[in-house]
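Printed here is model14.json (JSON, C-alpha atoms):
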```json
[["chain", "number", "residue", "atom", "x", "y", "z"],
["A", 220, "MET", "CA", -8.25, -6.39, -10.22],
["A", 221, "LEU", "CA", -9.52, -6.87, -6.68],
["A", 222, "LYS", "CA", -13.09, -6.86, -5.47],
["A", 223, "PRO", "CA", -13.82, -6.42, -1.76],
["A", 224, "LYS", "CA", -16.47, -8.74, -0.45],
["A", 225, "ARG", "CA", -18.56, -5.85, 0.79],
["A", 226, "THR", "CA", -20.07, -3.05, -1.24],
["A", 227, "ARG", "CA", -17.41, -1.27, -3.21],
["A", 228, "GLU", "CA", -17.29, 2.52, -3.04],
["A", 229, "ARG", "CA", -14.79, 4.24, -5.33],
["A", 230, "ASP", "CA", -13.48, 7.76, -4.98],
["A", 231, "LYS", "CA", -10.95, 8.47, -7.69],
["A", 232, "THR", "CA", -7.70, 9.88, -6.42],
["A", 233, "ILE", "CA", -6.28, 12.34, -8.90],
["A", 234, "ALA", "CA", -2.72, 11.00, -9.02],
["A", 235, "HIS", "CA", -1.03, 9.03, -6.32],
["A", 236, "LEU", "CA", -0.44, 11.58, -3.57],
["A", 237, "HIS", "CA", -4.01, 12.84, -3.43],
["A", 238, "ILE", "CA", -5.00, 10.14, -0.97],
["A", 239, "VAL", "CA", -3.24, 12.27, 1.64],
["A", 240, "LEU", "CA", -5.55, 15.21, 2.26],
["A", 241, "ALA", "CA", -4.02, 18.53, 3.19],
["A", 242, "LEU", "CA", -5.14, 18.80, 6.77],
["A", 243, "ILE", "CA", -3.57, 22.23, 7.19],
["A", 244, "SER", "CA", -5.54, 23.60, 4.25],
["A", 245, "LEU", "CA", -8.77, 22.22, 5.63],
["A", 246, "ILE", "CA", -8.12, 23.89, 8.95],
["A", 247, "ALA", "CA", -7.33, 27.19, 7.28],
["A", 248, "ASN", "CA", -10.55, 27.06, 5.29],
["A", 249, "SER", "CA", -12.70, 26.06, 8.26],
["A", 250, "ALA", "CA", -14.23, 28.37, 10.81],
["A", 251, "ALA", "CA", -11.40, 27.49, 13.22],
["A", 252, "ALA", "CA", -13.12, 29.40, 15.99],
["A", 253, "ARG", "CA", -11.77, 29.01, 19.52],
["A", 254, "ALA", "CA", -14.02, 26.43, 21.09],
["A", 255, "SER", "CA", -14.75, 26.99, 24.72],
["A", 256, "ASP", "CA", -16.78, 23.87, 25.41],
["A", 257, "THR", "CA", -17.31, 20.30, 24.26],
["A", 258, "SER", "CA", -20.12, 21.09, 21.83],
["A", 259, "ASP", "CA", -18.11, 23.75, 20.02],
["A", 260, "LEU", "CA", -15.06, 21.49, 19.80],
["A", 261, "GLU", "CA", -17.12, 18.67, 18.29],
["A", 262, "GLN", "CA", -18.72, 21.08, 15.82],
["A", 263, "ASP", "CA", -15.43, 22.62, 14.72],
["A", 264, "LEU", "CA", -13.65, 19.30, 14.25],
["A", 265, "SER", "CA", -16.65, 17.76, 12.51],
["A", 266, "LYS", "CA", -16.48, 20.52, 9.89],
["A", 267, "ILE", "CA", -12.86, 19.62, 9.26],
["A", 268, "PHE", "CA", -13.02, 15.83, 9.37],
["A", 269, "VAL", "CA", -16.47, 14.34, 8.77],
["A", 270, "GLY", "CA", -16.97, 13.00, 5.26],
["A", 271, "ARG", "CA", -13.28, 13.33, 4.38],
["A", 272, "SER", "CA", -10.55, 10.72, 4.09],
["A", 273, "PHE", "CA", -7.31, 10.90, 6.05],
["A", 274, "THR", "CA", -4.27, 8.66, 6.27],
["A", 275, "ILE", "CA", -3.30, 7.32, 9.70],
["A", 276, "ARG", "CA", 0.34, 7.95, 10.46],
["A", 277, "ASN", "CA", 2.31, 4.67, 10.39],
["A", 278, "TYR", "CA", -0.78, 3.00, 8.83],
["A", 279, "TYR", "CA", -1.70, 1.27, 12.08],
["A", 280, "ARG", "CA", -3.95, -1.79, 11.91],
["A", 281, "GLY", "CA", -6.78, -2.60, 14.30],
["A", 282, "GLY", "CA", -10.35, -1.61, 15.07],
["A", 283, "HIS", "CA", -9.56, 0.73, 17.99],
["A", 284, "LEU", "CA", -6.49, 2.92, 18.20],
["A", 285, "GLN", "CA", -5.90, 4.74, 21.50],
["A", 286, "PHE", "CA", -3.70, 7.85, 21.54],
["A", 287, "GLY", "CA", -2.39, 9.56, 24.66],
["A", 288, "ALA", "CA", -2.61, 13.22, 25.64],
["A", 289, "ASP", "CA", 0.68, 13.84, 23.80],
["A", 290, "GLY", "CA", -0.65, 12.34, 20.56],
["A", 291, "SER", "CA", 1.42, 9.15, 20.78],
["A", 292, "LEU", "CA", -0.10, 5.69, 20.25],
["A", 293, "GLN", "CA", -0.91, 3.99, 23.56],
["A", 294, "SER", "CA", -2.69, 0.82, 22.42],
["A", 295, "LYS", "CA", -1.00, -2.19, 20.88],
["A", 296, "ALA", "CA", -1.18, -1.95, 17.11],
["A", 297, "GLU", "CA", 1.09, -3.10, 14.32],
["A", 298, "PRO", "CA", 2.10, -0.73, 11.54],
["A", 299, "GLY", "CA", 0.51, -1.85, 8.29],
["A", 300, "ASP", "CA", 0.85, -1.18, 4.59],
["A", 301, "TRP", "CA", -0.14, 2.23, 3.28],
["A", 302, "SER", "CA", -2.20, 0.84, 0.39],
["A", 303, "ARG", "CA", -4.22, -1.49, 2.61],
["A", 304, "ASP", "CA", -4.23, -0.10, 6.16],
["A", 305, "GLY", "CA", -3.59, 3.62, 6.02],
["A", 306, "MET", "CA", -6.77, 5.37, 4.96],
["A", 307, "VAL", "CA", -9.88, 6.11, 7.02],
["A", 308, "LYS", "CA", -12.98, 8.08, 6.05],
["A", 309, "ILE", "CA", -14.28, 9.88, 9.13],
["A", 310, "SER", "CA", -18.01, 9.56, 9.87],
["A", 311, "SER", "CA", -18.25, 11.26, 13.29],
["A", 312, "VAL", "CA", -16.27, 13.21, 15.89],
["A", 313, "LYS", "CA", -17.40, 13.14, 19.52],
["A", 314, "VAL", "CA", -16.04, 14.02, 22.95],
["A", 315, "SER", "CA", -16.83, 11.30, 25.48],
["A", 316, "SER", "CA", -17.72, 11.84, 29.13],
["A", 317, "ASP", "CA", -14.20, 10.81, 30.17],
["A", 318, "ASP", "CA", -12.54, 13.44, 27.97],
["A", 319, "GLN", "CA", -11.71, 11.23, 25.01],
["A", 320, "LEU", "CA", -11.91, 12.74, 21.55],
["A", 321, "VAL", "CA", -13.28, 9.87, 19.44],
["A", 322, "PHE", "CA", -13.13, 9.69, 15.64],
["A", 323, "GLN", "CA", -15.34, 6.98, 14.12],
["A", 324, "GLY", "CA", -14.81, 5.95, 10.54],
["A", 325, "GLU", "CA", -14.45, 3.27, 7.91],
["A", 326, "ARG", "CA", -11.22, 1.97, 6.51],
["A", 327, "TYR", "CA", -10.44, 2.30, 2.83],
["A", 328, "CYS", "CA", -7.65, 0.73, 0.84],
["A", 329, "VAL", "CA", -5.98, 1.76, -2.39],
["A", 330, "LEU", "CA", -6.42, -0.18, -5.62],
["A", 331, "PHE", "CA", -4.59, 0.48, -8.87],
["A", 332, "ASP", "CA", -7.01, 0.66, -11.79],
["A", 333, "LYS", "CA", -5.38, -0.97, -14.82],
["A", 334, "GLU", "CA", -7.73, 0.84, -17.22],
["A", 335, "SER", "CA", -7.19, 4.44, -16.10],
["A", 336, "GLY", "CA", -3.69, 4.10, -14.62],
["A", 337, "GLU", "CA", -4.85, 5.74, -11.38],
["A", 338, "PHE", "CA", -5.22, 4.67, -7.78],
["A", 339, "LEU", "CA", -8.78, 4.32, -6.53],
["A", 340, "ASN", "CA", -10.03, 4.36, -2.95],
["A", 341, "VAL", "CA", -11.94, 1.18, -2.14],
["A", 342, "LYS", "CA", -14.09, 0.57, 0.93],
["A", 343, "THR", "CA", -12.96, -2.48, 2.91],
["A", 344, "GLY", "CA", -15.96, -2.79, 5.25],
["A", 345, "ASP", "CA", -13.81, -2.44, 8.37],
["A", 346, "LYS", "CA", -14.83, 0.05, 11.06],
["A", 347, "VAL", "CA", -12.23, 1.89, 13.10],
["A", 348, "ALA", "CA", -12.28, 4.19, 16.13],
["A", 349, "LEU", "CA", -9.42, 6.53, 16.99],
["A", 350, "SER", "CA", -9.52, 7.89, 20.55],
["A", 351, "LEU", "CA", -7.37, 10.78, 21.75],
["A", 352, "ARG", "CA", -7.02, 11.53, 25.44],
["A", 353, "LEU", "CA", -7.66, 15.28, 25.77],
["A", 354, "PRO", "CA", -5.00, 17.10, 27.80],
["A", 355, "SER", "CA", -6.25, 18.80, 30.92],
["A", 356, "GLY", "CA", -8.04, 22.02, 29.99],
["A", 357, "ALA", "CA", -7.59, 21.47, 26.24],
["A", 358, "LYS", "CA", -11.00, 22.10, 24.73],
["A", 359, "THR", "CA", -10.07, 24.43, 21.88],
["A", 360, "THR", "CA", -9.52, 23.54, 18.26],
["A", 361, "ASP", "CA", -6.14, 25.29, 18.22],
["A", 362, "SER", "CA", -4.89, 23.27, 21.17],
["A", 363, "ILE", "CA", -5.97, 19.95, 19.66],
["A", 364, "ILE", "CA", -4.69, 20.38, 16.10],
["A", 365, "PRO", "CA", -0.97, 19.82, 16.96],
["A", 366, "LEU", "CA", -1.92, 16.46, 18.50],
["A", 367, "LEU", "CA", -3.87, 15.48, 15.40],
["A", 368, "TYR", "CA", -0.76, 16.14, 13.30],
["A", 369, "LYS", "CA", 0.78, 13.20, 15.19],
["A", 370, "MET", "CA", -2.17, 10.93, 14.36],
["A", 371, "PHE", "CA", -2.73, 11.76, 10.68],
["A", 372, "LEU", "CA", -0.56, 12.61, 7.71],
["A", 373, "THR", "CA", -0.87, 16.20, 6.58],
["A", 374, "GLY", "CA", -0.12, 18.27, 3.52],
["A", 375, "LYS", "CA", 3.42, 18.79, 4.83],
["A", 376, "ASP", "CA", 4.16, 15.06, 4.64],
["A", 377, "SER", "CA", 5.53, 13.46, 1.48],
["A", 378, "LEU", "CA", 4.07, 9.99, 1.01],
["A", 379, "PRO", "CA", 6.99, 8.68, -1.12],
["A", 380, "ASP", "CA", 9.28, 9.38, 1.85],
["A", 381, "LEU", "CA", 7.01, 7.46, 4.24],
["A", 382, "VAL", "CA", 6.59, 4.19, 2.36],
["A", 383, "PRO", "CA", 9.04, 1.33, 1.64],
["A", 384, "SER", "CA", 11.55, 2.13, -1.09],
["A", 385, "TYR", "CA", 9.97, -0.33, -3.55],
["A", 386, "TRP", "CA", 6.95, 2.04, -3.85],
["A", 387, "ARG", "CA", 8.85, 5.21, -4.65],
["A", 388, "ASP", "CA", 9.01, 4.90, -8.44],
["A", 389, "CYS", "CA", 5.21, 4.57, -8.51],
["A", 390, "LEU", "CA", 4.56, 7.49, -6.17],
["A", 391, "HIS", "CA", 7.05, 10.05, -7.43],
["A", 392, "GLN", "CA", 5.48, 10.43, -10.85],
["A", 393, "LYS", "CA", 2.67, 9.20, -13.07],
["A", 394, "MET", "CA", 2.89, 5.79, -14.71],
["A", 395, "ASN", "CA", 3.29, 5.26, -18.43],
["A", 396, "ARG", "CA", 2.32, 2.64, -20.97],
["A", 397, "ARG", "CA", 3.28, 2.24, -24.61],
["A", 398, "ASP", "CA", -0.29, 1.80, -25.85],
["A", 399, "LYS", "CA", -3.74, 0.93, -24.53],
["A", 400, "HIS", "CA", -3.02, -2.79, -24.80],
["A", 401, "SER", "CA", 0.18, -2.61, -22.75],
["A", 402, "PRO", "CA", 0.36, -2.69, -18.95],
["A", 403, "TRP", "CA", 1.03, 0.46, -16.97],
["A", 404, "GLU", "CA", 4.56, 0.74, -15.61],
["A", 405, "CYS", "CA", 6.13, 2.95, -12.97],
["A", 406, "VAL", "CA", 8.93, 5.02, -14.45],
["A", 407, "ALA", "CA", 12.27, 4.08, -12.88],
["A", 408, "HIS", "CA", 14.14, 7.02, -11.36],
["A", 409, "ASP", "CA", 17.44, 5.14, -11.83],
["A", 410, "ALA", "CA", 17.42, 3.54, -15.28],
["A", 411, "GLN", "CA", 20.94, 2.18, -14.84],
["A", 412, "ASN", "CA", 20.03, 0.29, -11.69],
["A", 413, "GLU", "CA", 16.63, -0.74, -13.10],
["A", 414, "PRO", "CA", 16.97, -1.13, -16.87],
["A", 415, "ASP", "CA", 13.99, -1.25, -19.19],
["A", 416, "PHE", "CA", 13.15, -4.79, -20.31],
["A", 417, "THR", "CA", 10.81, -3.66, -23.10],
["A", 418, "GLY", "CA", 11.83, -5.08, -26.47],
["A", 419, "LYS", "CA", 14.90, -6.79, -25.01],
["A", 420, "LYS", "CA", 15.83, -10.42, -25.45],
["A", 421, "LEU", "CA", 14.96, -12.24, -22.24],
["A", 422, "VAL", "CA", 15.72, -15.53, -20.57],
["A", 423, "TRP", "CA", 12.76, -16.92, -18.60],
["A", 424, "ASP", "CA", 12.89, -19.00, -15.44],
["A", 425, "VAL", "CA", 9.47, -20.61, -14.88],
["A", 426, "PRO", "CA", 9.12, -22.66, -11.68],
["A", 427, "PRO", "CA", 6.27, -25.19, -11.31],
["A", 428, "PRO", "CA", 2.93, -23.42, -10.68],
["A", 429, "ASP", "CA", 1.56, -23.11, -7.15],
["A", 430, "THR", "CA", -2.15, -23.95, -7.22],
["A", 431, "THR", "CA", -3.07, -22.50, -3.83],
["A", 432, "LEU", "CA", -2.20, -19.58, -1.61],
["A", 433, "HIS", "CA", -1.01, -22.09, 1.00],
["A", 434, "THR", "CA", -3.64, -21.80, 3.72],
["A", 435, "GLY", "CA", -6.48, -23.38, 1.78],
["A", 436, "ALA", "CA", -8.97, -20.61, 2.68],
["A", 437, "VAL", "CA", -9.44, -19.69, -0.99],
["A", 438, "LYS", "CA", -7.78, -21.47, -3.88],
["A", 439, "TYR", "CA", -6.24, -19.55, -6.75],
["A", 440, "SER", "CA", -4.16, -20.37, -9.75],
["A", 441, "LEU", "CA", -1.00, -18.53, -8.73],
["A", 442, "ARG", "CA", 2.31, -18.69, -10.51],
["A", 443, "HIS", "CA", 5.31, -16.54, -11.07],
["A", 444, "LYS", "CA", 7.93, -16.40, -13.77],
["A", 445, "ILE", "CA", 11.24, -14.58, -13.67],
["A", 446, "ALA", "CA", 12.89, -12.76, -16.57],
["A", 447, "TYR", "CA", 16.60, -12.03, -16.96],
["A", 448, "LEU", "CA", 18.22, -9.90, -19.64],
["A", 449, "ALA", "CA", 19.97, -12.12, -22.21],
["A", 450, "GLU", "CA", 23.48, -10.74, -22.66],
["A", 451, "ASN", "CA", 26.41, -12.08, -24.62],
["A", 452, "GLY", "CA", 29.02, -13.78, -22.49],
["A", 453, "ILE", "CA", 26.78, -13.90, -19.41],
["A", 454, "LYS", "CA", 25.16, -17.02, -18.04],
["A", 455, "SER", "CA", 21.83, -16.10, -16.43],
["A", 456, "PRO", "CA", 21.11, -16.67, -12.73],
["A", 457, "GLN", "CA", 19.08, -19.62, -11.56],
["A", 458, "VAL", "CA", 16.48, -19.82, -8.81],
["A", 459, "ALA", "CA", 17.65, -21.55, -5.64],
["A", 460, "MET", "CA", 14.69, -20.62, -3.41],
["A", 461, "ALA", "CA", 11.65, -18.57, -4.51],
["A", 462, "PRO", "CA", 8.45, -19.35, -2.58],
["A", 463, "ASP", "CA", 5.20, -17.63, -3.49],
["A", 464, "PRO", "CA", 3.81, -14.86, -1.28],
["A", 465, "LEU", "CA", 0.90, -15.91, 0.94],
["A", 466, "PHE", "CA", -1.53, -13.02, 0.28],
["A", 467, "GLN", "CA", -3.38, -14.02, 3.46],
["A", 468, "TRP", "CA", -5.48, -10.85, 3.84],
["A", 469, "GLU", "CA", -6.69, -11.10, 0.26],
["A", 470, "GLN", "CA", -7.74, -14.71, 0.79],
["A", 471, "ARG", "CA", -9.93, -13.81, 3.74],
["A", 472, "ARG", "CA", -11.37, -10.54, 2.50],
["A", 473, "THR", "CA", -11.54, -10.39, -1.28],
["A", 474, "THR", "CA", -12.16, -12.21, -4.50],
["A", 475, "LEU", "CA", -9.50, -11.69, -7.12],
["A", 476, "ASP", "CA", -10.00, -11.17, -10.82],
["A", 477, "ASP", "CA", -7.07, -11.98, -13.08],
["A", 478, "ILE", "CA", -4.10, -9.89, -11.95],
["A", 479, "THR", "CA", -0.52, -9.41, -13.06],
["A", 480, "LEU", "CA", 1.88, -7.83, -10.57],
["A", 481, "VAL", "CA", 5.40, -7.03, -11.81],
["A", 482, "LEU", "CA", 8.44, -6.34, -9.63],
["A", 483, "ALA", "CA", 12.00, -5.50, -10.64],
["A", 484, "PHE", "CA", 15.00, -6.49, -8.57],
["A", 485, "ASN", "CA", 18.74, -7.01, -8.70],
["A", 486, "ILE", "CA", 20.69, -10.14, -7.85],
["A", 487, "SER", "CA", 24.12, -9.75, -6.29],
["A", 488, "ASP", "CA", 27.20, -11.84, -7.10],
["A", 489, "THR", "CA", 26.35, -13.92, -4.03],
["A", 490, "GLY", "CA", 22.79, -14.64, -5.21],
["A", 491, "ALA", "CA", 21.05, -12.30, -2.74],
["A", 492, "VAL", "CA", 18.14, -10.07, -3.82],
["A", 493, "HIS", "CA", 18.28, -6.29, -3.35],
["A", 494, "ASP", "CA", 16.76, -3.09, -4.76],
["A", 495, "VAL", "CA", 13.25, -4.50, -5.20],
["A", 496, "SER", "CA", 10.87, -2.03, -6.86],
["A", 497, "ILE", "CA", 7.31, -2.17, -8.18],
["A", 498, "VAL", "CA", 6.95, -1.98, -11.96],
["A", 499, "THR", "CA", 3.22, -2.69, -12.38],
["A", 500, "PRO", "CA", 1.30, -2.22, -9.11],
["A", 501, "VAL", "CA", -1.93, -3.71, -7.80],
["A", 502, "GLY", "CA", -2.46, -2.12, -4.38],
["A", 503, "MET", "CA", -4.42, -3.42, -1.39],
["A", 504, "GLY", "CA", -1.18, -4.65, 0.19],
["A", 505, "LEU", "CA", -0.52, -7.28, -2.49],
["A", 506, "ASP", "CA", 2.56, -5.43, -3.72],
["A", 507, "ASP", "CA", 3.99, -5.25, -0.20],
["A", 508, "ASP", "CA", 3.37, -8.94, 0.47],
["A", 509, "ALA", "CA", 5.08, -9.84, -2.80],
["A", 510, "ALA", "CA", 8.03, -7.46, -2.33],
["A", 511, "ARG", "CA", 8.77, -8.74, 1.18],
["A", 512, "THR", "CA", 8.72, -12.31, -0.14],
["A", 513, "VAL", "CA", 10.99, -11.56, -3.10],
["A", 514, "GLU", "CA", 13.52, -9.89, -0.79],
["A", 515, "GLN", "CA", 14.02, -13.34, 0.81],
["A", 516, "TRP", "CA", 14.59, -15.21, -2.45],
["A", 517, "LYS", "CA", 17.95, -16.84, -3.19],
["A", 518, "PHE", "CA", 19.65, -17.44, -6.54],
["A", 519, "THR", "CA", 22.67, -19.07, -8.04],
["A", 520, "PRO", "CA", 24.28, -15.86, -9.35],
["A", 521, "ALA", "CA", 24.93, -15.03, -12.97],
["A", 522, "LEU", "CA", 28.34, -15.84, -14.41],
["A", 523, "CYS", "CA", 30.42, -13.31, -16.34],
["A", 524, "GLU", "CA", 33.41, -15.05, -17.92],
["A", 525, "ASP", "CA", 32.85, -17.90, -15.46],
["A", 526, "LYS", "CA", 32.93, -15.58, -12.44],
["A", 527, "PRO", "CA", 29.87, -14.74, -10.28],
["A", 528, "CYS", "CA", 28.47, -11.31, -11.15],
["A", 529, "ALA", "CA", 25.47, -9.08, -10.41],
["A", 530, "SER", "CA", 22.43, -9.10, -12.69],
["A", 531, "HIS", "CA", 18.99, -7.57, -13.22],
["A", 532, "ALA", "CA", 15.68, -9.42, -13.10],
["A", 533, "ARG", "CA", 11.92, -8.99, -13.17],
["A", 534, "VAL", "CA", 9.21, -11.25, -11.77],
["A", 535, "LEU", "CA", 5.62, -11.49, -13.00],
["A", 536, "PHE", "CA", 3.08, -12.79, -10.51],
["A", 537, "GLU", "CA", 0.00, -14.06, -12.28],
["A", 538, "ILE", "CA", -3.09, -14.62, -10.14],
["A", 539, "ASN", "CA", -6.18, -16.10, -11.77],
["A", 540, "ALA", "CA", -9.73, -15.94, -10.47],
["A", 541, "PRO", "CA", -10.85, -18.54, -7.90],
["A", 542, "ASN", "CA", -13.69, -20.96, -8.49],
["A", 543, "THR", "CA", -15.18, -20.29, -5.07],
["A", 544, "ARG", "CA", -17.65, -17.77, -3.71],
["A", 545, "PRO", "CA", -16.57, -15.04, -1.30],
["A", 546, "ILE", "CA", -16.58, -16.04, 2.33],
["A", 547, "PRO", "CA", -19.53, -14.31, 4.10],
["A", 548, "ARG", "CA", -18.61, -12.02, 6.98]]
```

Could you write out this structure as C-alpha cells?
Amino acid sequence: MLKPKRTRERDKTIAHLHIVLALISLIANSAAARASDTSDLEQDLSKIFVGRSFTIRNYYRGGHLQFGADGSLQSKAEPGDWSRDGMVKISSVKVSSDDQLVFQGERYCVLFDKESGEFLNVKTGDKVALSLRLPSGAKTTDSIIPLLYKMFLTGKDSLPDLVPSYWRDCLHQKMNRRDKHSPWECVAHDAQNEPDFTGKKLVWDVPPPDTTLHTGAVKYSLRHKIAYLAENGIKSPQVAMAPDPLFQWEQRRTTLDDITLVLAFNISDTGAVHDVSIVTPVGMGLDDDAARTVEQWKFTPALCEDKPCASHARVLFEINAPNTRPIPR
C-alpha cells in the first residue's frame, strides 16, 4: 500500500470506471443557462466543475497545461499514466483579463485498496492549472462545452479503451479473490492466453534481490520472482535479462508499505516478452512502470521436445517498507 507524503484524502470510487465523471450528465443537470458575460460563464462552469474530479485527456503531466482556442494542447507536456497523472479535482474556474478560461485544481492519483478490492482516489499534493484560450466572442456555456470535451474525458469515453492493454483485464470487470486471505486478481478475458496459475505446479526463477531502487533517493527491499507452469516434457524458460523497474516517482513522493504487484506475460519461442497484463494491481503508476520494464525482459525460451517454444509466466514484485523518513517537500 502506498502513502503519499502529504495529507491523504480518500474518495472511494465505486468500481474502476467511476473515476471518470460523466461530464455530459453534469451539464444536463446544471442550469446550463446561456451566459452573456464573464461573470455568468464563471458561475455556470463553477456549478459544473468545482468540487468534482475529472480526468485529463491523455493524462498530461505538469503544473500548467495551456490549451488553444480549438481545445488542443499548446504547451509542452508529456502524456502520463492514468492511475498517477490523469485525475484533477477542480477548486476554481475563472476567466482572466486576457480571455483565458482557467481551471485551478489538485491532482489525485488512483490506489488499489487490497482490503476492499476497490480503487481509491488519493491526493498527491500537486497543484495544476488548465488554461483554455477562449475563441473570439465565445462567452456562453454552450459554446465552451465542446472545447472542454477535448480537455477532459466524458461519460462517452470508455477508460479501458484509453489505457495500455495491460490494464484492460482490471478495468473491464471487478476483481475476484478466493477468500479474504488471498490477493485480489483481475479476471483474464482470455484464459487460454493467460492461464490461471492457482493450484498449479510451478517452477520458480528467483534472481538475486535488488536492495535499492537504483537512484539512492530512498532505499527499499525490492525483489522479484518469476513463476512458470511446470508441464511434462517442457523445460522451463530461463531469465537472460530482467532488471528491476526504477519506480522513480514513488521514491521522490511516497513511502511504501509492503506491496506485492503481480503481472502475467507470455514468452515467445525467441525469448521475447509479449502480452503483459496486470493480475494484482497497485496503482499510482507502479503497475505501468513495472509493465514497461517487463516488456523489455529477455529469456532463454522454453524447450518442447528440445525445440524452442512459447510459454506462460507470472512475476511477483515484492516491495518492503523503507527504513527512512519521507523526504520533506

Wanna dump the segment 369-405 of chain A-segment 309-332 of chain A contacts at 12 Å for me, each residue with its shortest atom pair and the distance in Å to one decimal, counting only C-alpha atoms, ordered by chain and number, as a tab-separated table?
```
residue	atom	partner	partner_atom	distance
A:Met370	CA	A:Phe322	CA	11.1
A:Phe371	CA	A:Phe322	CA	11.7
A:Cys389	CA	A:Phe331	CA	10.6
A:Leu390	CA	A:Phe331	CA	11.8
A:Met394	CA	A:Phe331	CA	10.9
A:Pro402	CA	A:Asp332	CA	10.8
A:Trp403	CA	A:Asp332	CA	9.6
A:Glu404	CA	A:Phe331	CA	11.4
A:Cys405	CA	A:Phe331	CA	11.7
```

Sort by chain and increasing residue number a table of all residues of segment 340-434 of chain A within 9 Å of segment 289-301 of chain A, each with its closest pair of atoms and their distance in Å to one decimal, counting all atoms listed in the file, and write it as a tab-separated table.
```
residue	atom	partner	partner_atom	distance
A:Leu351	CA	A:Gly290	CA	7.0
A:Arg352	CA	A:Gly290	CA	8.1
A:Leu353	CA	A:Asp289	CA	8.7
A:Pro354	CA	A:Asp289	CA	7.7
A:Pro365	CA	A:Gly290	CA	8.3
A:Leu366	CA	A:Gly290	CA	4.8
A:Leu367	CA	A:Gly290	CA	6.8
A:Tyr368	CA	A:Gly290	CA	8.2
A:Lys369	CA	A:Gly290	CA	5.6
A:Met370	CA	A:Gly290	CA	6.5
A:Leu381	CA	A:Trp301	CA	8.9
A:Val382	CA	A:Trp301	CA	7.1
```

Same residues, C-alpha atoms, saved as a PDB file, keeping the file's coordinate frame:
```pdb
ATOM      1  CA  LEU A 351      -7.370  10.780  21.750  1.00  0.00           C
ATOM      2  CA  ARG A 352      -7.020  11.530  25.440  1.00  0.00           C
ATOM      3  CA  LEU A 353      -7.660  15.280  25.770  1.00  0.00           C
ATOM      4  CA  PRO A 354      -5.000  17.100  27.800  1.00  0.00           C
ATOM      5  CA  PRO A 365      -0.970  19.820  16.960  1.00  0.00           C
ATOM      6  CA  LEU A 366      -1.920  16.460  18.500  1.00  0.00           C
ATOM      7  CA  LEU A 367      -3.870  15.480  15.400  1.00  0.00           C
ATOM      8  CA  TYR A 368      -0.760  16.140  13.300  1.00  0.00           C
ATOM      9  CA  LYS A 369       0.780  13.200  15.190  1.00  0.00           C
ATOM     10  CA  MET A 370      -2.170  10.930  14.360  1.00  0.00           C
ATOM     11  CA  LEU A 381       7.010   7.460   4.240  1.00  0.00           C
ATOM     12  CA  VAL A 382       6.590   4.190   2.360  1.00  0.00           C
TER      13      VAL A 382
END
```

Could you check which of A:Leu260, A:Val307, A:Val269, A:Val495 is closest to Leu349 of chain A, using all atoms listed in the file?
->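 Counting all atoms listed in the file, the residue closest to Leu349 of chain A is A:Val307.
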
Residues around (12.7, -7.1, -10.8), cut-off 6 Å, counting all atoms listed in the file - what are they as a VMD selection string?
-> chain A and resid 482 to 484 532 to 534

For Gln515 of chain A, which residue among A:Ser302, A:Met503, A:Asn539, A:Pro462 is the nearest when counting all atoms listed in the file?
-> A:Pro462

Can you work out the spacing between atom CA of Asp424 of chain A and atom CA of Ile445 of chain A in Å, to one decimal?
-> 5.0 Å

Can you list, as JSON, numbers by chain, every protein, DNA or RNA residue that comes within 10 Å of Asp388 of chain A when you count all atoms listed in the file, leaving out same-chain residues fewer than 3 positions away?
-> {"A": [379, 384, 385, 391, 392, 393, 394, 404, 405, 406, 407, 408, 409, 496, 497, 498]}

Output the selection as a compact mmCIF listing (two decimals), in the coordinates of the input - C-alpha atoms for each residue.
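Dumped to out.txt:
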```txt
# COMPACT_ATOMS: atom_id res chain seq x y z
CA PRO A 379 6.99 8.68 -1.12
CA SER A 384 11.55 2.13 -1.09
CA TYR A 385 9.97 -0.33 -3.55
CA HIS A 391 7.05 10.05 -7.43
CA GLN A 392 5.48 10.43 -10.85
CA LYS A 393 2.67 9.20 -13.07
CA MET A 394 2.89 5.79 -14.71
CA GLU A 404 4.56 0.74 -15.61
CA CYS A 405 6.13 2.95 -12.97
CA VAL A 406 8.93 5.02 -14.45
CA ALA A 407 12.27 4.08 -12.88
CA HIS A 408 14.14 7.02 -11.36
CA ASP A 409 17.44 5.14 -11.83
CA SER A 496 10.87 -2.03 -6.86
CA ILE A 497 7.31 -2.17 -8.18
CA VAL A 498 6.95 -1.98 -11.96
```
